[in-house]
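Since the structure comes first, as structure tokens, the remarks are kept for the end.
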Amino acid sequence: MHLAYPAVLAVLLFCTGLYGVLARRNAILVLMSVELMLNAVNLNLVAFDVWLRDTLHAGQALTLFTIAIAAAEIGIGLAIVLLVYRNRGSSDIDRLRDLAERPDGGDATGHGAQPQPDTEAEAAA
Amino acid sequence: MTLAATAAAHGFLSPTGVEIAFLLVGIATLGAALITVTTRQLVHAALWLVVALGGIAVEYLLLTAEFIAWVQVLIYVGSVVVLLLFGLMLTKAPIGRSPDADSGNRWAALVVALASAGTLVWVVVDAFRATWIDLDGAVQGSTATLGRTLFQYWVLPFEALSVLLLAALVGAIVLSRKGGEGKAPAADLRSGAARTGTAPREEQH
């Protein structure tokens, strides 16, 4: 098999995931796009492992590790998204702007006001 | 020219059956991925993600990595998508079309994605124009082979990974527990840190 087939497919899947991460608003849809990007990398790892005929099978072992880490990541990520939804009533990442730099607020007020929403969120939890 | 020689040996314009199957499954996978990132129905996005991940599992099978393929089916299709569906339900995602599924910067995202896709496809095709995977001979990723290498050469990362999974499990439980006792240790920790004067919030002032 020509090596370009899996490599090009992995590139296109990765860029699809990149578009999803940048363009989606719901945090869970962003997590789905991250899964697509991780799968593109896994496809590359398996294809190059089969191509190189590695005796250690480093590519396939790393693919297994990536899958396990992705499972851990999706668990933690969904827990964080649920916590944010419980505290804020929304999981739209556009609206989570507590850490954003506001053009009107000065630097001093930004530092002074920083602990405020943090304690509020913990009180609401 | 080595390129012409290898092309003549492998058939540059006459793809093999495996290549045709890979191409067809790849088109289906890519289409499902595109629908996943563009559809406005949130639950349909998760279901199209199942198609995309299953297609990638078939690609693993075509690359003779059968153990990875079944792990992909078990973990991604079996548990990750179910977790995502649970997340969609618990955050009360709207059933049906939601007009604000995409944020305002989708055109910038499209430009970035197309530019990176063009660049990477050009680089990859240029680099691996004359490279062929030899799929004949012994199966590369059978369960016996992979199990032997995993437990001979990769034991230490494997065990570290189990510790990481345990830590992620405990972290997810702590994060998703409802209030109550969860607040007390944090407040305790903060007062203890303030007493010794090592809290980062104290250092700022």
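Residue numbers start at 1 in each chain; chains themselves are named A, B, ... in the order of the structure tokens; ligands are numbered from 1 in the order shown.
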
Please report, as a Markdown table, each residue of chain A lying at most 6 Å from chain B, together with the nearest pair of atoms and the separation in Å rounded to one decimal; use only C-alpha atoms, and order rows by chain and ascending residue number.
```
| residue | atom | partner | partner_atom | distance |
| --- | --- | --- | --- | --- |
| A:Met1 | CA | B:Ile133 | CA | 5.0 |
| A:His2 | CA | B:Trp132 | CA | 4.4 |
| A:Leu3 | CA | B:Trp132 | CA | 5.3 |
| A:Ala4 | CA | B:Phe128 | CA | 5.9 |
| A:Val8 | CA | B:Val121 | CA | 5.9 |
| A:Cys15 | CA | B:Ala113 | CA | 5.3 |
| A:Tyr19 | CA | B:Ala113 | CA | 5.3 |
| A:Gly20 | CA | B:Val37 | CA | 5.0 |
| A:Leu22 | CA | B:Ala109 | CA | 5.3 |
| A:Ala23 | CA | B:Arg106 | CA | 4.5 |
| A:Arg24 | CA | B:Asp102 | CA | 4.6 |
| A:Arg25 | CA | B:Ser103 | CA | 5.0 |
| A:Trp51 | CA | B:Ile133 | CA | 4.8 |
| A:Ala72 | CA | B:Ala168 | CA | 5.6 |
| A:Ile76 | CA | B:Ala172 | CA | 5.2 |
| A:Ala79 | CA | B:Ser176 | CA | 5.6 |
| A:Ala125 | CA | B:Gly179 | CA | 5.3 |
```

Output all heavy atoms for every residue in the selection just made, as a tab-separated table (two decimals), in the first residue's frame.
```
chain	number	residue	atom	x	y	z
A	1	MET	N	0.85	-1.20	0.00
A	1	MET	CA	0.00	0.00	0.00
A	1	MET	C	0.89	1.25	0.00
A	1	MET	O	1.90	1.28	0.68
A	1	MET	CB	-0.89	0.00	1.25
A	1	MET	CG	-1.88	1.15	1.23
A	1	MET	SD	-2.67	1.36	2.81
A	1	MET	CE	-3.59	-0.15	2.91
A	2	HIS	N	0.48	2.22	-0.79
A	2	HIS	CA	1.24	3.47	-0.81
A	2	HIS	C	1.12	4.16	0.55
A	2	HIS	O	0.03	4.23	1.11
A	2	HIS	CB	0.66	4.36	-1.90
A	2	HIS	CG	1.64	5.38	-2.41
A	2	HIS	ND1	2.15	6.35	-1.60
A	2	HIS	CD2	2.21	5.56	-3.62
A	2	HIS	CE1	2.99	7.09	-2.30
A	2	HIS	NE2	3.05	6.63	-3.53
A	3	LEU	N	2.23	4.65	1.08
A	3	LEU	CA	2.20	5.27	2.41
A	3	LEU	C	1.43	6.58	2.41
A	3	LEU	O	0.96	7.03	3.45
A	3	LEU	CB	3.63	5.50	2.90
A	3	LEU	CG	3.79	6.02	4.32
A	3	LEU	CD1	3.12	5.10	5.30
A	3	LEU	CD2	5.24	6.17	4.67
A	4	ALA	N	1.28	7.18	1.21
A	4	ALA	CA	0.59	8.47	1.16
A	4	ALA	C	-0.88	8.34	1.54
A	4	ALA	O	-1.45	9.30	2.05
A	4	ALA	CB	0.72	9.07	-0.23
A	8	VAL	N	-2.15	10.99	4.16
A	8	VAL	CA	-3.05	12.07	3.72
A	8	VAL	C	-4.38	12.00	4.48
A	8	VAL	O	-4.93	13.03	4.88
A	8	VAL	CB	-3.26	11.99	2.20
A	8	VAL	CG1	-4.38	12.91	1.77
A	8	VAL	CG2	-1.99	12.38	1.49
A	15	CYS	N	-7.04	18.12	10.27
A	15	CYS	CA	-7.49	19.48	9.97
A	15	CYS	C	-8.99	19.62	10.18
A	15	CYS	O	-9.46	20.70	10.56
A	15	CYS	CB	-7.09	19.86	8.56
A	15	CYS	SG	-5.31	20.00	8.41
A	19	TYR	N	-10.56	22.41	12.63
A	19	TYR	CA	-11.68	23.31	12.34
A	19	TYR	C	-12.73	23.22	13.43
A	19	TYR	O	-13.26	24.24	13.89
A	19	TYR	CB	-12.30	22.94	10.98
A	19	TYR	CG	-13.60	23.62	10.72
A	19	TYR	CD1	-13.64	24.96	10.36
A	19	TYR	CD2	-14.80	22.95	10.89
A	19	TYR	CE1	-14.84	25.59	10.15
A	19	TYR	CE2	-16.00	23.58	10.69
A	19	TYR	CZ	-16.02	24.90	10.32
A	19	TYR	OH	-17.20	25.54	10.13
A	20	GLY	N	-13.01	21.98	13.88
A	20	GLY	CA	-14.04	21.82	14.91
A	20	GLY	C	-13.65	22.49	16.22
A	20	GLY	O	-14.47	23.14	16.86
A	22	LEU	N	-11.71	25.05	16.59
A	22	LEU	CA	-11.74	26.52	16.49
A	22	LEU	C	-13.14	27.04	16.29
A	22	LEU	O	-13.45	28.16	16.71
A	22	LEU	CB	-10.85	26.96	15.33
A	22	LEU	CG	-9.36	26.74	15.53
A	22	LEU	CD1	-8.61	27.17	14.31
A	22	LEU	CD2	-8.87	27.52	16.72
A	23	ALA	N	-14.03	26.30	15.64
A	23	ALA	CA	-15.30	26.87	15.21
A	23	ALA	C	-16.46	26.53	16.13
A	23	ALA	O	-17.47	27.23	16.11
A	23	ALA	CB	-15.64	26.41	13.80
A	24	ARG	N	-16.35	25.48	16.94
A	24	ARG	CA	-17.50	25.08	17.73
A	24	ARG	C	-17.64	25.94	18.97
A	24	ARG	O	-16.66	26.48	19.48
A	24	ARG	CB	-17.36	23.61	18.13
A	24	ARG	CG	-17.60	22.67	16.99
A	24	ARG	CD	-18.95	22.86	16.41
A	24	ARG	NE	-19.40	21.64	15.75
A	24	ARG	CZ	-20.58	21.51	15.20
A	24	ARG	NH1	-21.42	22.51	15.21
A	24	ARG	NH2	-20.93	20.39	14.63
A	25	ARG	N	-18.87	26.02	19.46
A	25	ARG	CA	-19.14	26.84	20.64
A	25	ARG	C	-19.39	25.99	21.87
A	25	ARG	O	-18.97	26.33	22.96
A	25	ARG	CB	-20.36	27.71	20.35
A	25	ARG	CG	-20.78	28.54	21.50
A	25	ARG	CD	-21.84	29.52	21.10
A	25	ARG	NE	-21.25	30.67	20.43
A	25	ARG	CZ	-21.95	31.52	19.71
A	25	ARG	NH1	-23.23	31.33	19.55
A	25	ARG	NH2	-21.37	32.55	19.16
A	51	TRP	N	4.87	0.41	8.42
A	51	TRP	CA	5.83	0.66	7.34
A	51	TRP	C	7.25	0.31	7.77
A	51	TRP	O	8.00	-0.36	7.05
A	51	TRP	CB	5.75	2.13	6.94
A	51	TRP	CG	6.83	2.56	5.99
A	51	TRP	CD1	7.21	1.90	4.87
A	51	TRP	CD2	7.66	3.70	6.10
A	51	TRP	NE1	8.22	2.58	4.25
A	51	TRP	CE2	8.52	3.69	4.99
A	51	TRP	CE3	7.74	4.75	7.01
A	51	TRP	CZ2	9.46	4.69	4.77
A	51	TRP	CZ3	8.67	5.74	6.79
A	51	TRP	CH2	9.52	5.71	5.70
A	72	ALA	N	-8.75	8.92	29.61
A	72	ALA	CA	-8.63	9.69	30.85
A	72	ALA	C	-8.96	11.15	30.62
A	72	ALA	O	-9.66	11.78	31.42
A	72	ALA	CB	-7.21	9.55	31.40
A	76	ILE	N	-11.93	13.41	32.54
A	76	ILE	CA	-11.66	14.64	33.29
A	76	ILE	C	-12.32	15.84	32.61
A	76	ILE	O	-12.94	16.69	33.26
A	76	ILE	CB	-10.14	14.86	33.40
A	76	ILE	CG1	-9.54	13.80	34.30
A	76	ILE	CG2	-9.84	16.22	33.95
A	76	ILE	CD1	-9.78	14.01	35.74
A	79	ALA	N	-15.98	15.93	33.25
A	79	ALA	CA	-16.25	16.32	34.63
A	79	ALA	C	-16.13	17.83	34.78
A	79	ALA	O	-16.97	18.48	35.43
A	79	ALA	CB	-15.29	15.60	35.57
A	125	ALA	N	-20.85	26.13	44.39
A	125	ALA	CA	-20.69	24.69	44.17
A	125	ALA	C	-21.23	23.85	45.33
A	125	ALA	O	-21.46	24.32	46.39
A	125	ALA	CB	-19.21	24.36	43.97
```

So that I can check the surroundings of A:Pro6, please list as a ChimeraX atom specification every protein, DNA and RNA residue that reaches within 8 Å of it, counting only C-alpha atoms and ignoring chain neighbours fewer than 3 positions away.
/A:3,9-10,43-44,47

Restrict the selected residues to C-alpha atoms and save them as a compact mmCIF listing (two decimals), in the first residue's frame.
```
# COMPACT_ATOMS: atom_id res chain seq x y z
CA LEU A 3 2.20 5.27 2.41
CA LEU A 9 -6.12 10.67 5.46
CA ALA A 10 -4.55 11.44 8.84
CA LEU A 43 -3.59 6.49 12.41
CA ASN A 44 -0.21 8.02 11.60
CA ALA A 47 0.81 3.39 9.56
```

Please report, as a ChimeraX atom specification, each residue of chain A to which DSSP assigns strand (DSSP E or B) when run on this structure's backbone.
/A:2,24,26,92

Residues of chain B in helix (DSSP H, G or I) according to DSSP, as a ChimeraX atom specification?
/B:2-10,17-38,42-62,66-90,106-127,143-153,155-176,180-196,200-204

Kindly export the residues of the current selection with C-alpha atoms, as a compact mmCIF listing (two decimals), in the first residue's frame.
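Writing the result to selection-v8.txt gives the following:
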```txt
# COMPACT_ATOMS: atom_id res chain seq x y z
CA THR B 2 14.62 5.21 -8.12
CA LEU B 3 11.15 6.73 -8.14
CA ALA B 4 10.41 5.36 -11.60
CA ALA B 5 11.84 1.97 -10.67
CA THR B 6 9.77 1.62 -7.52
CA ALA B 7 6.73 2.97 -9.31
CA ALA B 8 7.13 0.39 -12.02
CA ALA B 9 7.56 -2.35 -9.42
CA HIS B 10 4.48 -1.35 -7.44
CA GLY B 17 -7.45 -4.03 -3.76
CA VAL B 18 -6.30 -3.01 -0.30
CA GLU B 19 -5.63 0.51 -1.53
CA ILE B 20 -9.07 0.80 -3.10
CA ALA B 21 -10.72 -0.44 0.09
CA PHE B 22 -8.61 1.97 2.15
CA LEU B 23 -9.58 4.83 -0.13
CA LEU B 24 -13.31 4.08 0.03
CA VAL B 25 -13.36 3.64 3.82
CA GLY B 26 -11.22 6.76 4.12
CA ILE B 27 -13.72 8.82 2.12
CA ALA B 28 -16.55 7.56 4.34
CA THR B 29 -14.52 8.32 7.48
CA LEU B 30 -13.63 11.81 6.31
CA GLY B 31 -17.24 12.54 5.35
CA ALA B 32 -18.48 11.41 8.76
CA ALA B 33 -15.81 13.57 10.45
CA LEU B 34 -16.84 16.59 8.37
CA ILE B 35 -20.50 16.09 9.32
CA THR B 36 -19.42 15.74 12.97
CA VAL B 37 -17.79 19.15 13.02
CA THR B 38 -20.43 20.94 10.92
CA LEU B 42 -25.57 18.08 18.83
CA VAL B 43 -26.65 14.47 19.34
CA HIS B 44 -26.21 13.74 15.63
CA ALA B 45 -22.62 14.99 15.94
CA ALA B 46 -21.92 12.31 18.55
CA LEU B 47 -23.55 9.63 16.38
CA TRP B 48 -21.56 10.65 13.29
CA LEU B 49 -18.45 10.51 15.47
CA VAL B 50 -19.25 6.80 15.94
CA VAL B 51 -19.12 6.35 12.15
CA ALA B 52 -15.82 8.21 11.89
CA LEU B 53 -14.18 6.25 14.72
CA GLY B 54 -15.49 2.96 13.35
CA GLY B 55 -14.06 3.85 9.95
CA ILE B 56 -10.68 4.46 11.54
CA ALA B 57 -10.94 1.01 13.18
CA VAL B 58 -11.50 -0.51 9.71
CA GLU B 59 -8.43 1.37 8.47
CA TYR B 60 -6.41 -0.20 11.28
CA LEU B 61 -7.65 -3.60 10.16
CA LEU B 62 -6.57 -2.85 6.58
CA GLU B 66 -5.98 -5.91 14.35
CA PHE B 67 -5.46 -5.54 18.10
CA ILE B 68 -5.45 -1.75 17.84
CA ALA B 69 -8.63 -1.96 15.76
CA TRP B 70 -10.53 -3.87 18.42
CA VAL B 71 -9.19 -1.65 21.19
CA GLN B 72 -10.43 1.31 19.14
CA VAL B 73 -13.89 -0.24 18.85
CA LEU B 74 -14.00 -1.11 22.55
CA ILE B 75 -12.74 2.16 24.00
CA TYR B 76 -13.73 4.85 21.53
CA VAL B 77 -16.97 3.55 20.06
CA GLY B 78 -17.91 1.73 23.24
CA SER B 79 -17.11 4.13 26.02
CA VAL B 80 -15.90 7.52 24.87
CA VAL B 81 -18.93 8.20 22.66
CA VAL B 82 -21.25 6.98 25.41
CA LEU B 83 -19.51 9.37 27.82
CA LEU B 84 -19.95 12.21 25.32
CA LEU B 85 -23.65 11.38 24.94
CA PHE B 86 -24.01 11.38 28.73
CA GLY B 87 -22.29 14.77 28.81
CA LEU B 88 -24.64 16.13 26.17
CA MET B 89 -27.66 14.93 28.11
CA LEU B 90 -26.41 16.19 31.48
CA ARG B 106 -15.95 29.93 12.00
CA TRP B 107 -14.66 31.64 8.85
CA ALA B 108 -11.28 32.26 10.47
CA ALA B 109 -11.34 28.63 11.61
CA LEU B 110 -12.12 27.50 8.07
CA VAL B 111 -9.23 29.52 6.68
CA VAL B 112 -6.82 28.12 9.27
CA ALA B 113 -7.98 24.55 8.69
CA LEU B 114 -7.78 24.80 4.89
CA ALA B 115 -4.35 26.43 5.01
CA SER B 116 -2.94 23.80 7.35
CA ALA B 117 -4.57 21.01 5.32
CA GLY B 118 -3.04 22.32 2.11
CA THR B 119 0.40 22.72 3.63
CA LEU B 120 0.43 19.36 5.35
CA VAL B 121 -0.94 17.43 2.35
CA TRP B 122 1.70 19.01 0.13
CA VAL B 123 4.49 18.18 2.58
CA VAL B 124 3.32 14.62 3.19
CA VAL B 125 2.76 13.78 -0.47
CA ASP B 126 6.09 15.30 -1.41
CA ALA B 127 7.89 13.38 1.33
CA THR B 143 -2.62 -9.77 19.67
CA ALA B 144 0.22 -12.22 20.35
CA THR B 145 2.88 -9.96 18.84
CA LEU B 146 1.65 -6.82 20.48
CA GLY B 147 1.12 -8.45 23.86
CA ARG B 148 4.63 -9.85 23.81
CA THR B 149 6.24 -6.52 22.95
CA LEU B 150 3.99 -4.61 25.34
CA PHE B 151 4.94 -6.76 28.31
CA GLN B 152 8.59 -7.19 27.35
CA TYR B 153 9.67 -3.70 26.37
CA VAL B 155 6.04 -2.67 30.96
CA LEU B 156 7.10 0.46 32.83
CA PRO B 157 5.05 2.94 30.72
CA PHE B 158 2.15 0.48 30.92
CA GLU B 159 2.23 0.50 34.73
CA ALA B 160 2.65 4.28 34.84
CA LEU B 161 -0.39 4.52 32.59
CA SER B 162 -2.45 2.49 35.03
CA VAL B 163 -1.50 4.94 37.79
CA LEU B 164 -2.52 7.80 35.49
CA LEU B 165 -5.90 6.17 34.84
CA LEU B 166 -6.42 5.77 38.59
CA ALA B 167 -5.53 9.44 39.14
CA ALA B 168 -7.94 10.48 36.38
CA LEU B 169 -10.69 8.36 37.91
CA VAL B 170 -10.20 9.87 41.37
CA GLY B 171 -10.01 13.35 39.85
CA ALA B 172 -13.22 12.91 37.91
CA ILE B 173 -15.02 11.65 41.02
CA VAL B 174 -13.75 14.58 43.11
CA LEU B 175 -14.70 17.09 40.41
CA SER B 176 -18.19 15.79 39.82
CA GLY B 180 -21.11 19.49 50.80
CA GLU B 181 -18.01 17.67 52.03
CA GLY B 182 -16.10 18.61 48.94
CA LYS B 183 -15.81 22.20 50.12
CA ALA B 184 -14.48 21.50 53.60
CA PRO B 185 -11.05 20.08 52.69
CA ALA B 186 -10.43 22.88 50.21
CA ALA B 187 -11.23 25.54 52.80
CA ASP B 188 -9.10 23.67 55.30
CA LEU B 189 -6.22 23.61 52.88
CA ARG B 190 -6.54 27.31 52.14
CA SER B 191 -6.58 28.33 55.81
CA GLY B 192 -3.64 26.05 56.48
CA ALA B 193 -1.71 27.56 53.58
CA ALA B 194 -2.60 31.08 54.73
CA ARG B 195 -1.34 30.28 58.22
CA THR B 196 2.05 29.25 56.92
CA PRO B 200 -0.02 32.35 46.08
CA ARG B 201 -2.86 34.76 46.69
CA GLU B 202 -1.01 36.16 49.70
CA GLU B 203 2.16 36.65 47.73
CA GLN B 204 0.43 38.84 45.20
```

Kindly give the distance, in Å, that separates atom CA of A:Val81 and atom CA of A:Leu18, rounded to a single decimal.
19.7 Å

Which residue out of A:Arg53, A:Phe48, A:Arg97, A:Ser90 has the minimum interatomic distance to A:Tyr5 when only C-alpha atoms are used?
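Of the candidates, the smallest distance to A:Tyr5 is held by A:Phe48.
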